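Taking it in order: structure first as structure tokens, then the write-up.
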Amino acid sequence: MKMKTISKVSIYFFLIIVITFFMLPIIWFSTASIMPGELVFSDPPTIFFEPVNKAFYEAFLNPGPHLVQLFNSLTITSFAVLVNLPLSFSAAYGLSRGNLKSAPRILGWYLGLLMAPPIVFLLPYFIMISNLGLSGTKLSIVVVLQVVTIPFSIWLLKSFIDEIPFEIEEAAKIDGAGIRAILFQIVIPLCAPGIIVTTMFAFVFAWNNTVFPLILSDHNSATLQIGLLSYFSASGAIWNLIAAITVVSMVIPMLIFLVFDRYVVRGLTFGAIK
Amino acid sequence: MKKNVSQRGPYILLIAPSFLFLFALTFYPLYFAVKNSFYYWNLATSPKPVSFIGLDNYINVFKFTPFLASLRNTLILAFVGVAIELFFGFLIAMALASQLKYLTYVRALLIMPVTIAPIVVGFMFRYLYWDKVGFIPWLADVFNIPEPDEGFLGSKITALGAVLLPDIWQWTPFFAIVLYASIIAVSRDLIDAAKVDGAGQIRLIWSVILPTIRPILFVIVLLQFMRLFNSFDIVYILTDGGPGDSTRTLSYGLFREGLRNFNIGVASAYTVVMVIIISLLVFIYFKLFNKRAAL
């Protein structure tokens with residue numbers, strides 16, 4: 001399709017403004033992490049400066065109060081995904097292939113869970129968890145995270161399983177394969193890309209969930225993002241540290257989104273749009 | 001073809017573990033909320049519900065918490081937010097759909113805001129909004145936009161808009177990228193046929209593209225409306241619901257009642273009212289728009 005130069009130029013111009021608008025806050029904030037403290041709030045804003053890496057060093061290495069929070073984030077998120085995957089995969093398979101009359105209703109309910117306000121769950125969980133004597137444990141956060149990560153993974157995985165032609169499984173069934181053989185020898189290998197994509201996006205989903213740890217964690221189990229809250233009334237130089245922690249917390253999701261770029265739309269819409 | 005129980009059995013067994021798990025995790029909170037909404041219970045003074053008080057908690061939700069103001073703020077955020085994000089998202093998607101050179105990079109960069117945890121976006125904008133010396137006040141100054149004395153987040157007039165801006169920043173790219181994917185999937189033949197019939201750009205968007213992507217619009221508008229409706233993190237970080245009640249959302253109000261004031265009874269009634277409102281909104285949405293939806 002031929003396009004007039006003028007409309008080409010205007011499209012590029014528009015998109016340059018768009019990209020500036022969406023990238024500038026990230027860049028602006030991230031640079032604060034390598035800025036000398038006294039320049040963080042200067043008027044007019046500082047653009048050129050001698051970068052220092054003091055903030056990362058202080059936050060994560062020496063004395064490194066946030067290193068343990070980084071570790072907490074990684075363990076909580078990893079375990080949340082590990083618990084979630086086998087449960088979600090089997091359910092996604094059952095819902096995709098079982099021809100059950102109630103399947104649409106179950107899926108609708110799971111979608112409802114993804115859209116429900118998380119705060120609604122928090123108070124009862126908070127009380128239930130302290131009654132069980134599990135207050136502040138990572139375990140409690142991992143379990144509670146399932147209320148959003150399982151529905152998310154089921155929806156996403158089901159969209160991948162739906163794409164595998166059923167005939168292959170039927171043929172195997174006629175040859176006498178049981179459901180376990182069909183699952184492990186046919187469906188899981190065929191669905192491997194879907195499983196990897198789901199794992200990665202479920203990881204981001206859990207990593208970025210801050211509402212549950214906000215209430216359920218204590219100073220031993222706080223995640224990286226919750227660690228930011230200790231600087232709540234911060235001003236001036238501490239913004240170096242805040243920005244450094246933020247940069248570290250942003251990197252993993254950003255990388256996953258870049259690597260799995262092709263599946264981003266699918267991941268963000270729970271598999272509803274391919 | 002109907003399957004008998006023995007054929008369906010294995011599938012039910014596969015679905016059951018997560019189903020039971022989620023059932024427990026969903027219905028315990030609902031049961032908890034409904035039951036305790038009829039009891040007087042403040043966790044700060046008693047570990048257990050104190051006494052049955054009928055509907056008093058429901059009356060107190062409206063009498064002692066700024067429920068209606070919170071509902072109004074929540075609805076403004078959700079409706080205005082979705083409208084702005086959808087509009088600009090569509091505009092950006094159309095620009096990307098021109099498929100000029102280098103636009104794949106633009107698209108890949110564009111998704112970055114979406115990958116950031118909302119609480120972190122909150123901190124980012126706290127920094128950008130910082131009174132007098134932050135980037136946004138500085139920028140406003142450059143463009144001669146007057147900053148309120150209390151700052152953008154501290155003034156009753158600008159606070160709600162200032163809370164909405166980070167959300168628009170974070171989620172407009174979501175609309176842009178999902179809509180881009182669906183616009184380029186609209187069949188070339190359909191577009192060419194419309195052009196042969198003499199349709200202009202606006203006509204093309206209105207009569208060909210929008211009707212085709214309608215099922216997708218249905219899904220993403222619902223998802224984003226609910227996400228905005230549940231706004232909590234941003235409010236928590238940026239304004240704590242203030243100044244006054246001007247940025248208090250329903251989610252934030254519930255958090256305050258239940259997890260700051262520990263008024264379990266009132267918070268439970270609050271939850272029940274909120275669930276009813278959400279169910280109503282979703283029901284109306286489905287009644288109005290659910291035609292050939294992708295879900």
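Here's how to read the names in the structure tokens: chain A, B, ... by the order shown, residue numbers from 1 in each chain, ligand numbers from 1 in the order shown.
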Interface, chain A side, toward chain B (6 Å; only C-alpha atoms) as a PDB file with N, CA and C atoms, in the first residue's frame:
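Saved the output as part.pdb:
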```
ATOM      1  N   ILE A  11       2.580  10.220  11.107  1.00  0.00           N
ATOM      2  CA  ILE A  11       2.491   9.022  11.947  1.00  0.00           C
ATOM      3  C   ILE A  11       3.746   8.867  12.803  1.00  0.00           C
ATOM      4  N   PHE A  41      16.554  16.251  43.307  1.00  0.00           N
ATOM      5  CA  PHE A  41      15.540  17.278  43.073  1.00  0.00           C
ATOM      6  C   PHE A  41      16.231  18.615  42.854  1.00  0.00           C
ATOM      7  N   LEU A  87      -1.659 -27.933  39.127  1.00  0.00           N
ATOM      8  CA  LEU A  87      -3.101 -27.781  39.360  1.00  0.00           C
ATOM      9  C   LEU A  87      -3.773 -27.149  38.149  1.00  0.00           C
ATOM     10  N   SER A  90      -3.719 -29.492  34.794  1.00  0.00           N
ATOM     11  CA  SER A  90      -4.704 -30.567  34.758  1.00  0.00           C
ATOM     12  C   SER A  90      -6.118 -30.007  34.611  1.00  0.00           C
ATOM     13  N   ALA A  91      -6.394 -28.889  35.312  1.00  0.00           N
ATOM     14  CA  ALA A  91      -7.730 -28.307  35.197  1.00  0.00           C
ATOM     15  C   ALA A  91      -7.980 -27.773  33.790  1.00  0.00           C
ATOM     16  N   GLY A  94      -8.721 -30.685  31.570  1.00  0.00           N
ATOM     17  CA  GLY A  94     -10.064 -31.199  31.836  1.00  0.00           C
ATOM     18  C   GLY A  94     -11.146 -30.289  31.285  1.00  0.00           C
ATOM     19  N   GLY A  98     -12.994 -32.129  28.432  1.00  0.00           N
ATOM     20  CA  GLY A  98     -13.967 -32.953  29.162  1.00  0.00           C
ATOM     21  C   GLY A  98     -15.388 -32.854  28.657  1.00  0.00           C
ATOM     22  N   MET A 115     -11.175 -10.627  38.104  1.00  0.00           N
ATOM     23  CA  MET A 115     -11.631  -9.250  38.048  1.00  0.00           C
ATOM     24  C   MET A 115     -12.103  -8.735  39.406  1.00  0.00           C
ATOM     25  N   PRO A 117     -12.168  -7.419  43.242  1.00  0.00           N
ATOM     26  CA  PRO A 117     -11.226  -6.601  44.006  1.00  0.00           C
ATOM     27  C   PRO A 117     -10.488  -7.439  45.040  1.00  0.00           C
ATOM     28  N   PHE A 121     -10.948 -10.047  49.548  1.00  0.00           N
ATOM     29  CA  PHE A 121     -10.497 -11.315  50.126  1.00  0.00           C
ATOM     30  C   PHE A 121      -9.600 -11.112  51.335  1.00  0.00           C
ATOM     31  N   PRO A 124     -10.742 -11.393  55.431  1.00  0.00           N
ATOM     32  CA  PRO A 124     -10.958 -12.772  55.904  1.00  0.00           C
ATOM     33  C   PRO A 124      -9.684 -13.607  55.892  1.00  0.00           C
ATOM     34  N   ASN A 208       4.256  -9.158  40.435  1.00  0.00           N
ATOM     35  CA  ASN A 208       3.705  -7.812  40.514  1.00  0.00           C
ATOM     36  C   ASN A 208       2.520  -7.691  41.465  1.00  0.00           C
ATOM     37  N   MET A 250      11.805  -4.029  38.498  1.00  0.00           N
ATOM     38  CA  MET A 250      11.193  -3.908  37.170  1.00  0.00           C
ATOM     39  C   MET A 250      11.857  -4.810  36.132  1.00  0.00           C
ATOM     40  N   PRO A 253      10.212  -8.605  35.085  1.00  0.00           N
ATOM     41  CA  PRO A 253       9.026  -8.572  34.219  1.00  0.00           C
ATOM     42  C   PRO A 253       9.309  -7.983  32.843  1.00  0.00           C
ATOM     43  N   MET A 254      10.129  -6.943  32.789  1.00  0.00           N
ATOM     44  CA  MET A 254      10.422  -6.330  31.493  1.00  0.00           C
ATOM     45  C   MET A 254      11.113  -7.303  30.561  1.00  0.00           C
ATOM     46  N   VAL A 265       0.081 -10.153  24.060  1.00  0.00           N
ATOM     47  CA  VAL A 265      -1.355  -9.883  23.973  1.00  0.00           C
ATOM     48  C   VAL A 265      -2.136 -11.026  24.596  1.00  0.00           C
TER      49      VAL A 265
END
```
Practice problem: Extract the full set of helix (DSSP H, G or I) residues from region 182-230 of chain A according to DSSP on the backbone, and format it as a ChimeraX atom specification. | Solution: /A:182-190,192-207,211-216,224-230
Write the residues of the selection above to a file with N, CA and C atoms, as a tab-separated table (two decimals), in the first residue's frame.
```tsv
chain	number	residue	atom	x	y	z
A	182	ILE	N	-1.83	-40.32	27.57
A	182	ILE	CA	-2.17	-39.25	26.63
A	182	ILE	C	-1.62	-37.91	27.13
A	183	LEU	N	-1.80	-37.68	28.42
A	183	LEU	CA	-1.33	-36.41	28.99
A	183	LEU	C	0.19	-36.27	28.88
A	184	PHE	N	0.90	-37.31	29.37
A	184	PHE	CA	2.34	-37.15	29.48
A	184	PHE	C	3.08	-37.36	28.16
A	185	GLN	N	2.50	-38.20	27.28
A	185	GLN	CA	3.24	-38.48	26.05
A	185	GLN	C	2.78	-37.67	24.86
A	186	ILE	N	1.57	-37.11	24.93
A	186	ILE	CA	1.10	-36.34	23.79
A	186	ILE	C	0.86	-34.89	24.14
A	187	VAL	N	-0.02	-34.65	25.10
A	187	VAL	CA	-0.46	-33.27	25.33
A	187	VAL	C	0.65	-32.39	25.90
A	188	ILE	N	1.34	-32.87	26.92
A	188	ILE	CA	2.38	-32.02	27.53
A	188	ILE	C	3.50	-31.68	26.55
A	189	PRO	N	4.02	-32.66	25.80
A	189	PRO	CA	5.04	-32.26	24.81
A	189	PRO	C	4.51	-31.28	23.76
A	190	LEU	N	3.28	-31.52	23.29
A	190	LEU	CA	2.74	-30.62	22.27
A	190	LEU	C	2.48	-29.23	22.84
A	192	ALA	N	4.18	-27.76	25.21
A	192	ALA	CA	5.34	-27.21	25.92
A	192	ALA	C	5.48	-25.70	25.77
A	193	PRO	N	5.36	-25.15	24.55
A	193	PRO	CA	5.49	-23.68	24.44
A	193	PRO	C	4.45	-22.97	25.31
A	194	GLY	N	3.23	-23.50	25.28
A	194	GLY	CA	2.17	-22.90	26.09
A	194	GLY	C	2.48	-22.95	27.56
A	195	ILE	N	3.06	-24.06	27.99
A	195	ILE	CA	3.41	-24.20	29.41
A	195	ILE	C	4.50	-23.20	29.79
A	196	ILE	N	5.48	-23.05	28.91
A	196	ILE	CA	6.57	-22.10	29.20
A	196	ILE	C	6.01	-20.68	29.27
A	197	VAL	N	5.21	-20.32	28.26
A	197	VAL	CA	4.64	-18.96	28.24
A	197	VAL	C	3.81	-18.71	29.49
A	198	THR	N	2.98	-19.70	29.84
A	198	THR	CA	2.13	-19.54	31.02
A	198	THR	C	2.98	-19.39	32.29
A	199	THR	N	4.03	-20.21	32.39
A	199	THR	CA	4.91	-20.11	33.55
A	199	THR	C	5.47	-18.69	33.68
A	200	MET	N	5.95	-18.17	32.57
A	200	MET	CA	6.59	-16.86	32.62
A	200	MET	C	5.58	-15.76	32.98
A	201	PHE	N	4.41	-15.80	32.36
A	201	PHE	CA	3.45	-14.74	32.65
A	201	PHE	C	2.83	-14.90	34.05
A	202	ALA	N	2.68	-16.13	34.48
A	202	ALA	CA	2.19	-16.34	35.85
A	202	ALA	C	3.23	-15.82	36.84
A	203	PHE	N	4.49	-15.98	36.48
A	203	PHE	CA	5.57	-15.46	37.32
A	203	PHE	C	5.44	-13.93	37.45
A	204	VAL	N	5.26	-13.26	36.31
A	204	VAL	CA	5.11	-11.80	36.34
A	204	VAL	C	3.88	-11.41	37.14
A	205	PHE	N	2.80	-12.14	36.92
A	205	PHE	CA	1.52	-11.89	37.59
A	205	PHE	C	1.70	-11.95	39.10
A	206	ALA	N	2.42	-12.98	39.56
A	206	ALA	CA	2.63	-13.14	40.99
A	206	ALA	C	3.66	-12.12	41.49
A	207	TRP	N	4.68	-11.90	40.71
A	207	TRP	CA	5.76	-10.96	41.08
A	207	TRP	C	5.17	-9.56	41.31
A	211	VAL	N	-0.67	-6.46	46.61
A	211	VAL	CA	-1.74	-6.26	47.59
A	211	VAL	C	-1.69	-7.33	48.69
A	212	PHE	N	-1.47	-8.58	48.30
A	212	PHE	CA	-1.45	-9.64	49.31
A	212	PHE	C	-0.25	-9.53	50.25
A	213	PRO	N	0.98	-9.41	49.71
A	213	PRO	CA	2.11	-9.25	50.63
A	213	PRO	C	2.03	-7.98	51.47
A	214	LEU	N	1.37	-6.96	50.93
A	214	LEU	CA	1.24	-5.71	51.69
A	214	LEU	C	0.64	-5.96	53.07
A	215	ILE	N	-0.39	-6.82	53.12
A	215	ILE	CA	-1.07	-7.08	54.37
A	215	ILE	C	-0.50	-8.31	55.08
A	216	LEU	N	-0.11	-9.31	54.30
A	216	LEU	CA	0.20	-10.61	54.90
A	216	LEU	C	1.66	-10.81	55.25
A	224	LEU	N	10.26	-7.38	47.64
A	224	LEU	CA	11.04	-6.22	47.20
A	224	LEU	C	10.17	-4.96	47.13
A	225	GLN	N	9.00	-5.09	46.52
A	225	GLN	CA	8.16	-3.91	46.35
A	225	GLN	C	7.64	-3.40	47.69
A	226	ILE	N	7.37	-4.35	48.60
A	226	ILE	CA	6.90	-3.94	49.92
A	226	ILE	C	8.03	-3.24	50.68
A	227	GLY	N	9.27	-3.66	50.38
A	227	GLY	CA	10.42	-3.02	51.00
A	227	GLY	C	10.46	-1.52	50.74
A	228	LEU	N	9.90	-1.12	49.61
A	228	LEU	CA	9.87	0.31	49.28
A	228	LEU	C	9.10	1.11	50.32
A	229	LEU	N	8.12	0.45	50.93
A	229	LEU	CA	7.24	1.17	51.84
A	229	LEU	C	7.97	1.71	53.06
A	230	SER	N	9.15	1.11	53.37
A	230	SER	CA	9.88	1.62	54.53
A	230	SER	C	10.40	3.03	54.28
```
Practice problem: Write out as a VMD selection string the residues lying within 9 Å of Leu160 (chain B), counting only C-alpha atoms and excluding same-chain residues fewer than 6 positions away. | Solution: chain B and resid 73 76 to 77 153 246 to 248
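With distances restricted to only C-alpha atoms, B:Asn36 is the closest residue to Leu123 (chain A) from B:Asn60, B:Val50, B:Asn36, B:Pro243.
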Self-check item: Exercise: Glu58 (chain A) partners within 12 Å, only C-alpha atoms, chain neighbours under 2 positions left out, as a list in words
Solution: Ser33, Ile34, Val52, Asn53, Lys54, Ala55, Phe56, Phe60, Leu61, Asn62, Pro63, Gly64, Pro65, His66, Leu67, Ile238, Asn240, Leu241, Ile242, Ala244 and Ile245 of chain A
Take the residues from that selection and put them in a file with C-alpha atoms, as a PDB file, in the first residue's frame.
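Saved file part.pdb follows:
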```
ATOM      1  CA  SER A  33      19.191   5.496  41.056  1.00  0.00           C
ATOM      2  CA  ILE A  34      22.567   6.475  39.637  1.00  0.00           C
ATOM      3  CA  VAL A  52      27.415   6.866  40.725  1.00  0.00           C
ATOM      4  CA  ASN A  53      26.361   3.326  41.661  1.00  0.00           C
ATOM      5  CA  LYS A  54      26.229   3.922  45.386  1.00  0.00           C
ATOM      6  CA  ALA A  55      22.474   3.288  45.650  1.00  0.00           C
ATOM      7  CA  PHE A  56      22.521  -0.265  44.234  1.00  0.00           C
ATOM      8  CA  PHE A  60      21.713  -4.850  47.831  1.00  0.00           C
ATOM      9  CA  LEU A  61      25.308  -5.373  48.863  1.00  0.00           C
ATOM     10  CA  ASN A  62      26.609  -3.363  51.730  1.00  0.00           C
ATOM     11  CA  PRO A  63      24.790  -3.230  54.076  1.00  0.00           C
ATOM     12  CA  GLY A  64      22.168  -4.512  51.620  1.00  0.00           C
ATOM     13  CA  PRO A  65      18.925  -4.440  53.637  1.00  0.00           C
ATOM     14  CA  HIS A  66      16.973  -5.249  50.489  1.00  0.00           C
ATOM     15  CA  LEU A  67      18.859  -8.323  49.403  1.00  0.00           C
ATOM     16  CA  ILE A 238      16.694   8.436  49.811  1.00  0.00           C
ATOM     17  CA  ASN A 240      18.348   7.071  45.086  1.00  0.00           C
ATOM     18  CA  LEU A 241      17.655   3.927  47.067  1.00  0.00           C
ATOM     19  CA  ILE A 242      13.975   3.820  46.132  1.00  0.00           C
ATOM     20  CA  ALA A 244      17.531   1.448  42.725  1.00  0.00           C
ATOM     21  CA  ILE A 245      15.115  -1.015  44.340  1.00  0.00           C
TER      22      ILE A 245
END
```
